[in-house]
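Structure file upload22.tsv; described as TSV, C-alpha atoms.
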```
chain	number	residue	atom	x	y	z
A	11	GLN	CA	-5.63	56.77	56.06
A	12	LYS	CA	-7.24	56.97	59.49
A	13	GLU	CA	-10.83	58.16	59.63
A	14	VAL	CA	-9.94	61.06	61.92
A	15	GLU	CA	-6.53	62.71	62.09
A	16	GLN	CA	-5.46	64.95	64.94
A	17	ASP	CA	-1.99	66.24	65.77
A	18	PRO	CA	-1.08	64.87	69.23
A	19	GLY	CA	1.06	67.91	70.15
A	20	PRO	CA	1.99	68.99	72.72
A	21	LEU	CA	1.00	72.51	71.77
A	22	SER	CA	2.60	75.04	74.12
A	23	VAL	CA	1.33	78.62	74.25
A	24	PRO	CA	1.61	81.55	76.66
A	25	GLU	CA	-1.36	82.66	78.70
A	26	GLY	CA	-3.66	84.94	76.72
A	27	ALA	CA	-2.82	83.44	73.34
A	28	ILE	CA	-5.42	82.34	70.81
A	29	VAL	CA	-5.27	78.59	70.37
A	30	SER	CA	-6.31	76.71	67.25
A	31	LEU	CA	-6.91	72.96	67.44
A	32	ASN	CA	-7.80	70.99	64.34
A	33	CYS	CA	-8.97	67.66	63.02
A	34	THR	CA	-9.33	66.31	59.51
A	35	TYR	CA	-11.52	63.40	58.55
A	36	SER	CA	-12.17	61.21	55.56
A	37	ASN	CA	-15.76	59.99	56.00
A	38	SER	CA	-18.15	62.37	54.25
A	39	ALA	CA	-21.09	60.79	56.14
A	40	PHE	CA	-20.08	62.50	59.38
A	41	GLN	CA	-22.64	65.14	60.35
A	42	TYR	CA	-22.19	65.64	64.10
A	43	PHE	CA	-18.95	67.05	65.42
A	44	MET	CA	-17.85	67.35	69.02
A	45	TRP	CA	-14.92	68.59	71.03
A	46	TYR	CA	-14.09	67.05	74.38
A	47	ARG	CA	-11.63	68.30	76.98
A	48	GLN	CA	-9.86	65.74	79.12
A	49	TYR	CA	-7.83	66.69	82.14
A	50	SER	CA	-5.21	64.27	83.39
A	51	ARG	CA	-6.76	61.33	85.25
A	52	LYS	CA	-10.32	62.46	84.41
A	53	GLY	CA	-12.98	61.41	81.92
A	54	PRO	CA	-13.62	63.45	78.75
A	55	GLU	CA	-15.89	66.48	79.23
A	56	LEU	CA	-18.11	67.60	76.35
A	57	LEU	CA	-17.12	71.16	75.36
A	58	MET	CA	-18.77	71.88	72.04
A	59	TYR	CA	-21.27	70.14	69.82
A	60	THR	CA	-21.97	71.16	66.22
A	61	TYR	CA	-24.24	69.81	63.54
A	62	SER	CA	-23.12	70.02	59.90
A	63	SER	CA	-21.10	73.03	58.69
A	64	GLY	CA	-20.75	76.42	60.30
A	65	ASN	CA	-19.56	78.07	63.47
A	66	LYS	CA	-20.69	77.82	67.06
A	67	GLU	CA	-19.49	80.06	69.86
A	68	ASP	CA	-19.62	79.51	73.61
A	69	GLY	CA	-17.73	82.00	75.73
A	70	ARG	CA	-14.04	81.79	74.87
A	71	PHE	CA	-14.57	78.72	72.66
A	72	THR	CA	-15.53	78.67	68.98
A	73	ALA	CA	-16.08	75.47	67.02
A	74	GLN	CA	-15.87	75.60	63.25
A	75	VAL	CA	-16.83	72.91	60.76
A	76	ASP	CA	-15.97	72.94	57.05
A	77	LYS	CA	-17.55	69.84	55.56
A	78	SER	CA	-16.35	70.66	52.04
A	79	SER	CA	-12.76	70.41	53.27
A	80	LYS	CA	-13.52	67.72	55.89
A	81	TYR	CA	-11.86	69.93	58.47
A	82	ILE	CA	-12.96	71.01	61.94
A	83	SER	CA	-11.40	73.47	64.35
A	84	LEU	CA	-11.68	74.59	67.94
A	85	PHE	CA	-10.49	78.08	68.80
A	86	ILE	CA	-9.79	79.16	72.36
A	87	ARG	CA	-9.47	82.89	72.97
A	88	ASP	CA	-7.58	84.39	75.90
A	89	SER	CA	-6.21	80.98	76.85
A	90	GLN	CA	-5.69	80.29	80.55
A	91	PRO	CA	-3.43	77.82	82.39
A	92	SER	CA	-6.64	76.02	83.41
A	93	ASP	CA	-7.18	75.25	79.70
A	94	SER	CA	-4.15	72.93	79.82
A	95	ALA	CA	-5.61	69.54	78.94
A	96	THR	CA	-5.97	67.11	76.07
A	97	TYR	CA	-8.60	68.08	73.50
A	98	LEU	CA	-10.29	65.29	71.58
A	99	CYS	CA	-12.36	65.77	68.48
A	100	ALA	CA	-15.15	63.29	67.82
A	101	MET	CA	-17.69	62.84	65.07
A	102	SER	CA	-20.52	60.61	63.98
A	103	GLY	CA	-22.78	59.90	61.06
A	104	GLY	CA	-25.89	61.01	62.86
A	105	SER	CA	-28.17	58.05	62.31
A	106	GLY	CA	-29.21	58.26	65.95
A	107	TYR	CA	-27.53	54.98	66.69
A	108	SER	CA	-24.13	55.65	65.16
A	109	THR	CA	-21.03	55.50	67.32
A	110	LEU	CA	-18.50	58.27	67.78
A	111	THR	CA	-15.15	58.21	66.02
A	112	PHE	CA	-12.44	59.98	68.01
A	113	GLY	CA	-9.20	61.66	67.10
A	114	LYS	CA	-6.15	60.80	69.17
A	115	GLY	CA	-6.31	64.12	71.03
A	116	THR	CA	-4.06	67.18	71.15
A	117	MET	CA	-2.30	68.01	74.40
A	118	LEU	CA	-2.42	71.75	75.12
A	119	LEU	CA	-0.11	73.42	77.61
A	120	VAL	CA	-0.81	77.05	78.55
A	121	SER	CA	2.00	78.63	80.53
A	122	PRO	CA	1.38	81.55	82.92
B	27	SER	CA	-26.31	67.04	80.71
B	28	ALA	CA	-26.04	63.59	82.24
B	29	VAL	CA	-23.89	62.99	85.31
B	30	ILE	CA	-22.17	59.62	85.24
B	31	SER	CA	-20.47	57.88	88.13
B	32	GLN	CA	-18.29	54.77	88.04
B	33	LYS	CA	-17.16	52.34	90.68
B	34	PRO	CA	-14.43	51.51	91.45
B	35	SER	CA	-12.40	54.53	90.46
B	36	ARG	CA	-9.25	52.42	90.40
B	37	ASP	CA	-8.12	48.91	91.21
B	38	ILE	CA	-5.05	46.72	91.18
B	39	CYS	CA	-5.81	43.13	90.29
B	40	GLN	CA	-3.94	39.86	89.89
B	41	ARG	CA	-3.79	38.17	86.52
B	42	GLY	CA	-6.44	35.53	85.99
B	43	THR	CA	-9.04	37.29	88.12
B	44	SER	CA	-12.08	39.29	87.01
B	45	LEU	CA	-13.26	42.80	87.86
B	46	THR	CA	-16.74	44.24	87.46
B	47	ILE	CA	-17.07	47.98	86.87
B	48	GLN	CA	-20.36	49.69	87.63
B	49	CYS	CA	-21.75	52.72	85.82
B	50	GLN	CA	-24.66	54.80	87.11
B	51	VAL	CA	-26.30	57.69	85.21
B	52	ASP	CA	-28.39	60.29	87.03
B	53	SER	CA	-31.12	60.24	84.35
B	54	GLN	CA	-32.58	57.84	81.83
B	55	VAL	CA	-30.52	57.67	78.65
B	56	THR	CA	-31.10	56.10	75.28
B	57	MET	CA	-27.70	54.51	74.83
B	58	MET	CA	-24.77	53.50	77.03
B	59	PHE	CA	-21.27	52.61	75.89
B	60	TRP	CA	-18.04	51.23	77.28
B	61	TYR	CA	-14.67	52.49	76.08
B	62	ARG	CA	-11.06	51.67	76.79
B	63	GLN	CA	-8.30	54.27	76.81
B	64	GLN	CA	-4.68	53.15	76.83
B	65	PRO	CA	-2.08	55.60	78.18
B	66	GLY	CA	-1.52	58.40	75.70
B	67	GLN	CA	-4.08	56.98	73.30
B	68	SER	CA	-7.55	57.93	72.23
B	69	LEU	CA	-10.75	56.14	73.12
B	70	THR	CA	-11.54	52.72	71.74
B	71	LEU	CA	-15.16	51.59	71.81
B	72	ILE	CA	-15.57	48.16	73.40
B	73	ALA	CA	-19.33	47.76	73.08
B	74	THR	CA	-22.74	49.36	73.14
B	75	ALA	CA	-24.73	48.26	76.19
B	76	ASN	CA	-28.29	47.50	75.10
B	77	GLN	CA	-31.08	47.56	77.65
B	78	GLY	CA	-32.74	44.20	77.92
B	79	SER	CA	-30.63	42.48	75.29
B	80	GLU	CA	-27.07	41.41	74.56
B	81	ALA	CA	-24.46	44.12	74.09
B	82	THR	CA	-23.14	44.95	70.62
B	83	TYR	CA	-19.38	44.41	70.53
B	84	GLU	CA	-16.84	46.13	68.30
B	85	SER	CA	-14.29	44.22	66.29
B	86	GLY	CA	-11.63	42.76	68.55
B	87	PHE	CA	-13.82	42.58	71.65
B	88	VAL	CA	-15.84	39.50	72.66
B	89	ILE	CA	-18.53	38.79	75.18
B	90	ASP	CA	-16.56	36.07	76.99
B	91	LYS	CA	-13.82	38.56	77.80
B	92	PHE	CA	-15.98	41.64	78.42
B	93	PRO	CA	-19.47	40.59	79.52
B	94	ILE	CA	-21.79	43.59	79.84
B	95	SER	CA	-25.12	44.01	81.54
B	96	ARG	CA	-27.68	46.80	81.28
B	97	PRO	CA	-30.71	45.95	83.39
B	98	ASN	CA	-32.35	49.39	83.07
B	99	LEU	CA	-32.01	52.83	81.45
B	100	THR	CA	-29.60	54.25	84.06
B	101	PHE	CA	-27.21	51.42	84.99
B	102	SER	CA	-24.66	49.17	83.32
B	103	THR	CA	-21.76	46.94	84.29
B	104	LEU	CA	-18.65	45.85	82.42
B	105	THR	CA	-16.69	42.82	83.58
B	106	VAL	CA	-13.08	42.34	82.53
B	107	SER	CA	-12.58	38.58	82.74
B	108	ASN	CA	-9.50	36.43	83.17
B	109	MET	CA	-7.33	39.54	83.26
B	110	SER	CA	-3.79	39.82	81.95
B	111	PRO	CA	-1.37	42.78	82.19
B	112	GLU	CA	-2.46	43.81	78.67
B	113	ASP	CA	-5.87	44.68	80.14
B	114	SER	CA	-4.31	47.46	82.21
B	115	SER	CA	-6.08	50.55	81.00
B	116	ILE	CA	-8.69	53.16	81.80
B	117	TYR	CA	-12.24	51.96	81.26
B	118	LEU	CA	-14.83	54.65	80.58
B	119	CYS	CA	-18.59	54.47	80.68
B	120	SER	CA	-20.49	56.80	78.39
B	121	ALA	CA	-24.14	57.71	77.90
B	122	ARG	CA	-26.07	59.40	75.12
B	123	GLN	CA	-29.11	61.57	75.64
B	124	ALA	CA	-30.41	63.69	72.80
B	125	ARG	CA	-29.21	62.94	69.30
B	126	GLU	CA	-25.45	62.59	69.38
B	127	THR	CA	-24.78	64.39	72.69
B	128	GLN	CA	-22.63	61.91	74.59
B	129	TYR	CA	-21.19	62.21	78.08
B	130	PHE	CA	-18.49	60.28	79.91
B	131	GLY	CA	-17.90	59.04	83.39
B	132	PRO	CA	-14.67	59.69	85.30
B	133	GLY	CA	-13.18	56.34	84.33
B	134	THR	CA	-11.85	53.29	86.16
B	135	ARG	CA	-8.08	52.94	86.21
B	136	LEU	CA	-7.18	49.26	86.15
B	137	LEU	CA	-3.72	47.82	86.75
B	138	VAL	CA	-3.22	44.10	86.30
B	139	LEU	CA	-0.12	42.54	87.82
```

Can you dump the structure from the file as structure tokens?
Amino acid sequence: QKEVEQDPGPLSVPEGAIVSLNCTYSNSAFQYFMWYRQYSRKGPELLMYTYSSGNKEDGRFTAQVDKSSKYISLFIRDSQPSDSATYLCAMSGGSGYSTLTFGKGTMLLVSP
Amino acid sequence: SAVISQKPSRDICQRGTSLTIQCQVDSQVTMMFWYRQQPGQSLTLIATANQGSEATYESGFVIDKFPISRPNLTFSTLTVSNMSPEDSSIYLCSARQARETQYFGPGTRLLVL
């Protein structure tokens, strides 16, 4: 079992839809959870950063962490064609010097 | 947030040659990393660039193939040595500021013929 599992997609939705992107993980030591957005031919851009369990909202984006289920989600409301990108989840143990473990990324396509 | 630049942005190289990629951060950071991203794949950590000491390499990556320097808190280089077509990839520099907040550069697209 991989440490972090993420459905590669592609996930195709119409403009305005609510998008749900998810990752599961196996390492209970993970405490920091991140979502990155990567446009084609660009580097990953940090979107959301969450510590431990709970929700965090930033504009149209909501990150949710359920440590008991080892499951994290990113919700995008009112999706736009400009949201079309690959979304990578990442997590770490939080020792201060621990490295990030990434999912493979989910490709999202939002059609106008 | 940290702004990271990389040079070159892309290159086409002949097998057997070496390429050095530069990474510059606009502020002092605690940690810098180098990643590789194969087409359609996620990010694979090559090494952690340590300031003033040898880099810490992940399993499967060795210093002779990927020598790394980090002379100060804002700059690092990665060299891909004795290249083969299997080294064709995107190489990404990354930097960490507070806690686990980690940012990435735009990447260097390398094609080895």

Which residues are near Pro132 (chain B)? Cut-off 12 Å, all atoms listed in the file, ignore same chain within fewer than 6 positions. Put them as JSON, numbers by chain. {"A": [48, 49, 50, 51, 52, 53, 54, 55], "B": [29, 30, 31, 32, 33, 34, 35, 36, 48, 49, 50, 51, 61, 63, 116, 117, 118, 119, 120]}

For C-alpha atoms, I'd like the residues from the last selection saved as a compact mmCIF listing (two decimals), keeping the file's coordinate frame.
```
# COMPACT_ATOMS: atom_id res chain seq x y z
CA GLN A 48 -9.86 65.74 79.12
CA TYR A 49 -7.83 66.69 82.14
CA SER A 50 -5.21 64.27 83.39
CA ARG A 51 -6.76 61.33 85.25
CA LYS A 52 -10.32 62.46 84.41
CA GLY A 53 -12.98 61.41 81.92
CA PRO A 54 -13.62 63.45 78.75
CA GLU A 55 -15.89 66.48 79.23
CA VAL B 29 -23.89 62.99 85.31
CA ILE B 30 -22.17 59.62 85.24
CA SER B 31 -20.47 57.88 88.13
CA GLN B 32 -18.29 54.77 88.04
CA LYS B 33 -17.16 52.34 90.68
CA PRO B 34 -14.43 51.51 91.45
CA SER B 35 -12.40 54.53 90.46
CA ARG B 36 -9.25 52.42 90.40
CA GLN B 48 -20.36 49.69 87.63
CA CYS B 49 -21.75 52.72 85.82
CA GLN B 50 -24.66 54.80 87.11
CA VAL B 51 -26.30 57.69 85.21
CA TYR B 61 -14.67 52.49 76.08
CA GLN B 63 -8.30 54.27 76.81
CA ILE B 116 -8.69 53.16 81.80
CA TYR B 117 -12.24 51.96 81.26
CA LEU B 118 -14.83 54.65 80.58
CA CYS B 119 -18.59 54.47 80.68
CA SER B 120 -20.49 56.80 78.39
```

Residue nearest chain B - candidates A:Leu31, A:Leu21, A:Ile86, A:Met101, atoms counted: all atoms listed in the file: A:Met101

Please identify every residue of chain B that has at least one atom no more than 10 Å from any atom of chain A, counting only C-alpha atoms, and report them as a PyMOL selection string. chain B and resi 27+30+56-57+59+63+66-71+73-74+116-120+122+124-135

Store the residues picked out above in a file with C-alpha atoms, as a PDB file, in the frame of the given file.
```pdb
ATOM      1  CA  SER B  27     -26.310  67.040  80.710  1.00  0.00           C
ATOM      2  CA  ILE B  30     -22.170  59.620  85.240  1.00  0.00           C
ATOM      3  CA  THR B  56     -31.100  56.100  75.280  1.00  0.00           C
ATOM      4  CA  MET B  57     -27.700  54.510  74.830  1.00  0.00           C
ATOM      5  CA  PHE B  59     -21.270  52.610  75.890  1.00  0.00           C
ATOM      6  CA  GLN B  63      -8.300  54.270  76.810  1.00  0.00           C
ATOM      7  CA  GLY B  66      -1.520  58.400  75.700  1.00  0.00           C
ATOM      8  CA  GLN B  67      -4.080  56.980  73.300  1.00  0.00           C
ATOM      9  CA  SER B  68      -7.550  57.930  72.230  1.00  0.00           C
ATOM     10  CA  LEU B  69     -10.750  56.140  73.120  1.00  0.00           C
ATOM     11  CA  THR B  70     -11.540  52.720  71.740  1.00  0.00           C
ATOM     12  CA  LEU B  71     -15.160  51.590  71.810  1.00  0.00           C
ATOM     13  CA  ALA B  73     -19.330  47.760  73.080  1.00  0.00           C
ATOM     14  CA  THR B  74     -22.740  49.360  73.140  1.00  0.00           C
ATOM     15  CA  ILE B 116      -8.690  53.160  81.800  1.00  0.00           C
ATOM     16  CA  TYR B 117     -12.240  51.960  81.260  1.00  0.00           C
ATOM     17  CA  LEU B 118     -14.830  54.650  80.580  1.00  0.00           C
ATOM     18  CA  CYS B 119     -18.590  54.470  80.680  1.00  0.00           C
ATOM     19  CA  SER B 120     -20.490  56.800  78.390  1.00  0.00           C
ATOM     20  CA  ARG B 122     -26.070  59.400  75.120  1.00  0.00           C
ATOM     21  CA  ALA B 124     -30.410  63.690  72.800  1.00  0.00           C
ATOM     22  CA  ARG B 125     -29.210  62.940  69.300  1.00  0.00           C
ATOM     23  CA  GLU B 126     -25.450  62.590  69.380  1.00  0.00           C
ATOM     24  CA  THR B 127     -24.780  64.390  72.690  1.00  0.00           C
ATOM     25  CA  GLN B 128     -22.630  61.910  74.590  1.00  0.00           C
ATOM     26  CA  TYR B 129     -21.190  62.210  78.080  1.00  0.00           C
ATOM     27  CA  PHE B 130     -18.490  60.280  79.910  1.00  0.00           C
ATOM     28  CA  GLY B 131     -17.900  59.040  83.390  1.00  0.00           C
ATOM     29  CA  PRO B 132     -14.670  59.690  85.300  1.00  0.00           C
ATOM     30  CA  GLY B 133     -13.180  56.340  84.330  1.00  0.00           C
ATOM     31  CA  THR B 134     -11.850  53.290  86.160  1.00  0.00           C
ATOM     32  CA  ARG B 135      -8.080  52.940  86.210  1.00  0.00           C
TER      33      ARG B 135
END
```

Which polymer residues have any atom within 12 Å of an atom of Ser79 (chain B), counting only C-alpha atoms, with same-chain residues fewer than 5 positions away left out, as a PyMOL selection string? chain B and resi 74+94-98

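For the atom pair formed by CA of Asp90 (chain B) and CA of Met58 (chain B), the distance is 19.3 Å, given to one decimal.
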
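Interatomic distance, CA of Gln123 (chain B) to CA of Phe101 (chain B): 13.9 Å.
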
Quick one: distance from CA of Ile82 (chain A) to CA of Thr34 (chain A) in Å, one decimal? 6.4 Å

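For Gly42 (chain B), the set of protein, DNA and RNA residues having any atom at most 7 Å away, when counting only C-alpha atoms and skipping those fewer than 4 positions along the same chain, is B:Asn108, B:Met109, B:Ser110.
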
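Among A:Tyr81, A:Phe40, A:Tyr35, A:Tyr97, the residue with the shortest atom-to-atom distance to Ser62 (chain A), counting all atoms listed in the file, is A:Phe40.
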
Check the smallest atom-to-atom distance from each of B:Leu137, B:Ala81, B:Leu45, B:Ala121 to Val106 (chain B) using all atoms listed in the file, then report the winner. B:Leu45

Find the smallest box with edges along x, y and z containing every listed atom of region 129-137 of chain B, then add 5 Å on each side and report centre and edge lengths in Å to one decimal, as JSON.
```
{"center_x": -12.5, "center_y": 55.0, "center_z": 82.4, "size_x": 27.5, "size_y": 24.4, "size_z": 18.7}
```

Missing atoms in region 47-58 of chain A: can you complete it with all heavy atoms, as a PDB file, keeping the file's coordinate frame?
```
ATOM      1  N   ARG A  47     -12.824  67.924  76.239  1.00  0.00           N
ATOM      2  CA  ARG A  47     -11.630  68.300  76.980  1.00  0.00           C
ATOM      3  C   ARG A  47     -11.413  67.232  78.037  1.00  0.00           C
ATOM      4  O   ARG A  47     -12.343  66.841  78.738  1.00  0.00           O
ATOM      5  CB  ARG A  47     -11.828  69.678  77.639  1.00  0.00           C
ATOM      6  CG  ARG A  47     -10.676  70.145  78.494  1.00  0.00           C
ATOM      7  CD  ARG A  47     -10.936  71.556  79.002  1.00  0.00           C
ATOM      8  NE  ARG A  47     -12.114  71.636  79.846  1.00  0.00           N
ATOM      9  CZ  ARG A  47     -12.722  72.778  80.189  1.00  0.00           C
ATOM     10  NH1 ARG A  47     -12.224  73.939  79.740  1.00  0.00           N
ATOM     11  NH2 ARG A  47     -13.780  72.761  80.969  1.00  0.00           N
ATOM     12  N   GLN A  48     -10.179  66.770  78.142  1.00  0.00           N
ATOM     13  CA  GLN A  48      -9.860  65.740  79.120  1.00  0.00           C
ATOM     14  C   GLN A  48      -8.665  66.169  79.946  1.00  0.00           C
ATOM     15  O   GLN A  48      -7.547  66.265  79.435  1.00  0.00           O
ATOM     16  CB  GLN A  48      -9.588  64.385  78.445  1.00  0.00           C
ATOM     17  CG  GLN A  48      -9.408  63.245  79.429  1.00  0.00           C
ATOM     18  CD  GLN A  48      -9.298  61.893  78.769  1.00  0.00           C
ATOM     19  OE1 GLN A  48      -8.904  61.771  77.610  1.00  0.00           O
ATOM     20  NE2 GLN A  48      -9.650  60.836  79.495  1.00  0.00           N
ATOM     21  N   TYR A  49      -8.919  66.411  81.218  1.00  0.00           N
ATOM     22  CA  TYR A  49      -7.830  66.690  82.140  1.00  0.00           C
ATOM     23  C   TYR A  49      -7.186  65.366  82.542  1.00  0.00           C
ATOM     24  O   TYR A  49      -7.812  64.305  82.482  1.00  0.00           O
ATOM     25  CB  TYR A  49      -8.344  67.427  83.376  1.00  0.00           C
ATOM     26  CG  TYR A  49      -8.787  68.842  83.111  1.00  0.00           C
ATOM     27  CD1 TYR A  49     -10.135  69.204  83.217  1.00  0.00           C
ATOM     28  CD2 TYR A  49      -7.879  69.827  82.752  1.00  0.00           C
ATOM     29  CE1 TYR A  49     -10.554  70.504  82.986  1.00  0.00           C
ATOM     30  CE2 TYR A  49      -8.284  71.131  82.511  1.00  0.00           C
ATOM     31  CZ  TYR A  49      -9.624  71.459  82.630  1.00  0.00           C
ATOM     32  OH  TYR A  49     -10.033  72.747  82.381  1.00  0.00           O
ATOM     33  N   SER A  50      -5.941  65.468  82.998  1.00  0.00           N
ATOM     34  CA  SER A  50      -5.210  64.270  83.390  1.00  0.00           C
ATOM     35  C   SER A  50      -5.982  63.515  84.472  1.00  0.00           C
ATOM     36  O   SER A  50      -6.476  64.109  85.433  1.00  0.00           O
ATOM     37  CB  SER A  50      -3.828  64.679  83.906  1.00  0.00           C
ATOM     38  OG  SER A  50      -3.098  63.560  84.284  1.00  0.00           O
ATOM     39  N   ARG A  51      -6.117  62.218  84.285  1.00  0.00           N
ATOM     40  CA  ARG A  51      -6.760  61.330  85.250  1.00  0.00           C
ATOM     41  C   ARG A  51      -8.256  61.620  85.416  1.00  0.00           C
ATOM     42  O   ARG A  51      -8.847  61.311  86.464  1.00  0.00           O
ATOM     43  CB  ARG A  51      -6.062  61.375  86.610  1.00  0.00           C
ATOM     44  CG  ARG A  51      -4.615  60.910  86.533  1.00  0.00           C
ATOM     45  CD  ARG A  51      -3.921  61.016  87.864  1.00  0.00           C
ATOM     46  NE  ARG A  51      -2.568  60.499  87.751  1.00  0.00           N
ATOM     47  CZ  ARG A  51      -2.235  59.236  87.964  1.00  0.00           C
ATOM     48  NH1 ARG A  51      -3.148  58.360  88.322  1.00  0.00           N
ATOM     49  NH2 ARG A  51      -0.996  58.838  87.825  1.00  0.00           N
ATOM     50  N   LYS A  52      -8.874  62.208  84.400  1.00  0.00           N
ATOM     51  CA  LYS A  52     -10.320  62.460  84.410  1.00  0.00           C
ATOM     52  C   LYS A  52     -10.951  61.919  83.134  1.00  0.00           C
ATOM     53  O   LYS A  52     -10.257  61.638  82.158  1.00  0.00           O
ATOM     54  CB  LYS A  52     -10.597  63.971  84.503  1.00  0.00           C
ATOM     55  CG  LYS A  52     -10.009  64.655  85.710  1.00  0.00           C
ATOM     56  CD  LYS A  52     -10.750  64.306  86.961  1.00  0.00           C
ATOM     57  CE  LYS A  52     -10.241  65.127  88.140  1.00  0.00           C
ATOM     58  NZ  LYS A  52     -10.885  64.746  89.406  1.00  0.00           N
ATOM     59  N   GLY A  53     -12.283  61.802  83.138  1.00  0.00           N
ATOM     60  CA  GLY A  53     -12.980  61.410  81.920  1.00  0.00           C
ATOM     61  C   GLY A  53     -13.146  62.602  80.988  1.00  0.00           C
ATOM     62  O   GLY A  53     -13.049  63.754  81.410  1.00  0.00           O
ATOM     63  N   PRO A  54     -13.404  62.350  79.709  1.00  0.00           N
ATOM     64  CA  PRO A  54     -13.620  63.450  78.750  1.00  0.00           C
ATOM     65  C   PRO A  54     -14.875  64.241  79.098  1.00  0.00           C
ATOM     66  O   PRO A  54     -15.890  63.671  79.468  1.00  0.00           O
ATOM     67  CB  PRO A  54     -13.782  62.715  77.408  1.00  0.00           C
ATOM     68  CG  PRO A  54     -13.152  61.376  77.612  1.00  0.00           C
ATOM     69  CD  PRO A  54     -13.395  61.035  79.044  1.00  0.00           C
ATOM     70  N   GLU A  55     -14.783  65.551  78.922  1.00  0.00           N
ATOM     71  CA  GLU A  55     -15.890  66.480  79.230  1.00  0.00           C
ATOM     72  C   GLU A  55     -16.324  67.121  77.913  1.00  0.00           C
ATOM     73  O   GLU A  55     -15.497  67.688  77.191  1.00  0.00           O
ATOM     74  CB  GLU A  55     -15.378  67.534  80.205  1.00  0.00           C
ATOM     75  CG  GLU A  55     -16.289  68.710  80.429  1.00  0.00           C
ATOM     76  CD  GLU A  55     -15.562  69.853  81.123  1.00  0.00           C
ATOM     77  OE1 GLU A  55     -14.328  69.780  81.304  1.00  0.00           O
ATOM     78  OE2 GLU A  55     -16.239  70.838  81.448  1.00  0.00           O
ATOM     79  N   LEU A  56     -17.614  67.031  77.594  1.00  0.00           N
ATOM     80  CA  LEU A  56     -18.110  67.600  76.350  1.00  0.00           C
ATOM     81  C   LEU A  56     -18.033  69.135  76.401  1.00  0.00           C
ATOM     82  O   LEU A  56     -18.606  69.773  77.267  1.00  0.00           O
ATOM     83  CB  LEU A  56     -19.562  67.170  76.118  1.00  0.00           C
ATOM     84  CG  LEU A  56     -20.222  67.680  74.840  1.00  0.00           C
ATOM     85  CD1 LEU A  56     -19.490  67.144  73.603  1.00  0.00           C
ATOM     86  CD2 LEU A  56     -21.689  67.265  74.792  1.00  0.00           C
ATOM     87  N   LEU A  57     -17.298  69.712  75.425  1.00  0.00           N
ATOM     88  CA  LEU A  57     -17.120  71.160  75.360  1.00  0.00           C
ATOM     89  C   LEU A  57     -18.050  71.810  74.343  1.00  0.00           C
ATOM     90  O   LEU A  57     -18.739  72.760  74.642  1.00  0.00           O
ATOM     91  CB  LEU A  57     -15.679  71.473  74.923  1.00  0.00           C
ATOM     92  CG  LEU A  57     -14.628  71.797  75.969  1.00  0.00           C
ATOM     93  CD1 LEU A  57     -13.336  72.164  75.246  1.00  0.00           C
ATOM     94  CD2 LEU A  57     -15.079  72.908  76.886  1.00  0.00           C
ATOM     95  N   MET A  58     -18.018  71.276  73.138  1.00  0.00           N
ATOM     96  CA  MET A  58     -18.770  71.880  72.040  1.00  0.00           C
ATOM     97  C   MET A  58     -19.378  70.782  71.184  1.00  0.00           C
ATOM     98  O   MET A  58     -18.788  69.709  71.003  1.00  0.00           O
ATOM     99  CB  MET A  58     -17.852  72.735  71.155  1.00  0.00           C
ATOM    100  CG  MET A  58     -17.166  73.880  71.871  1.00  0.00           C
ATOM    101  SD  MET A  58     -18.304  75.210  72.251  1.00  0.00           S
ATOM    102  CE  MET A  58     -18.484  75.976  70.640  1.00  0.00           C
TER     103      MET A  58
END
```
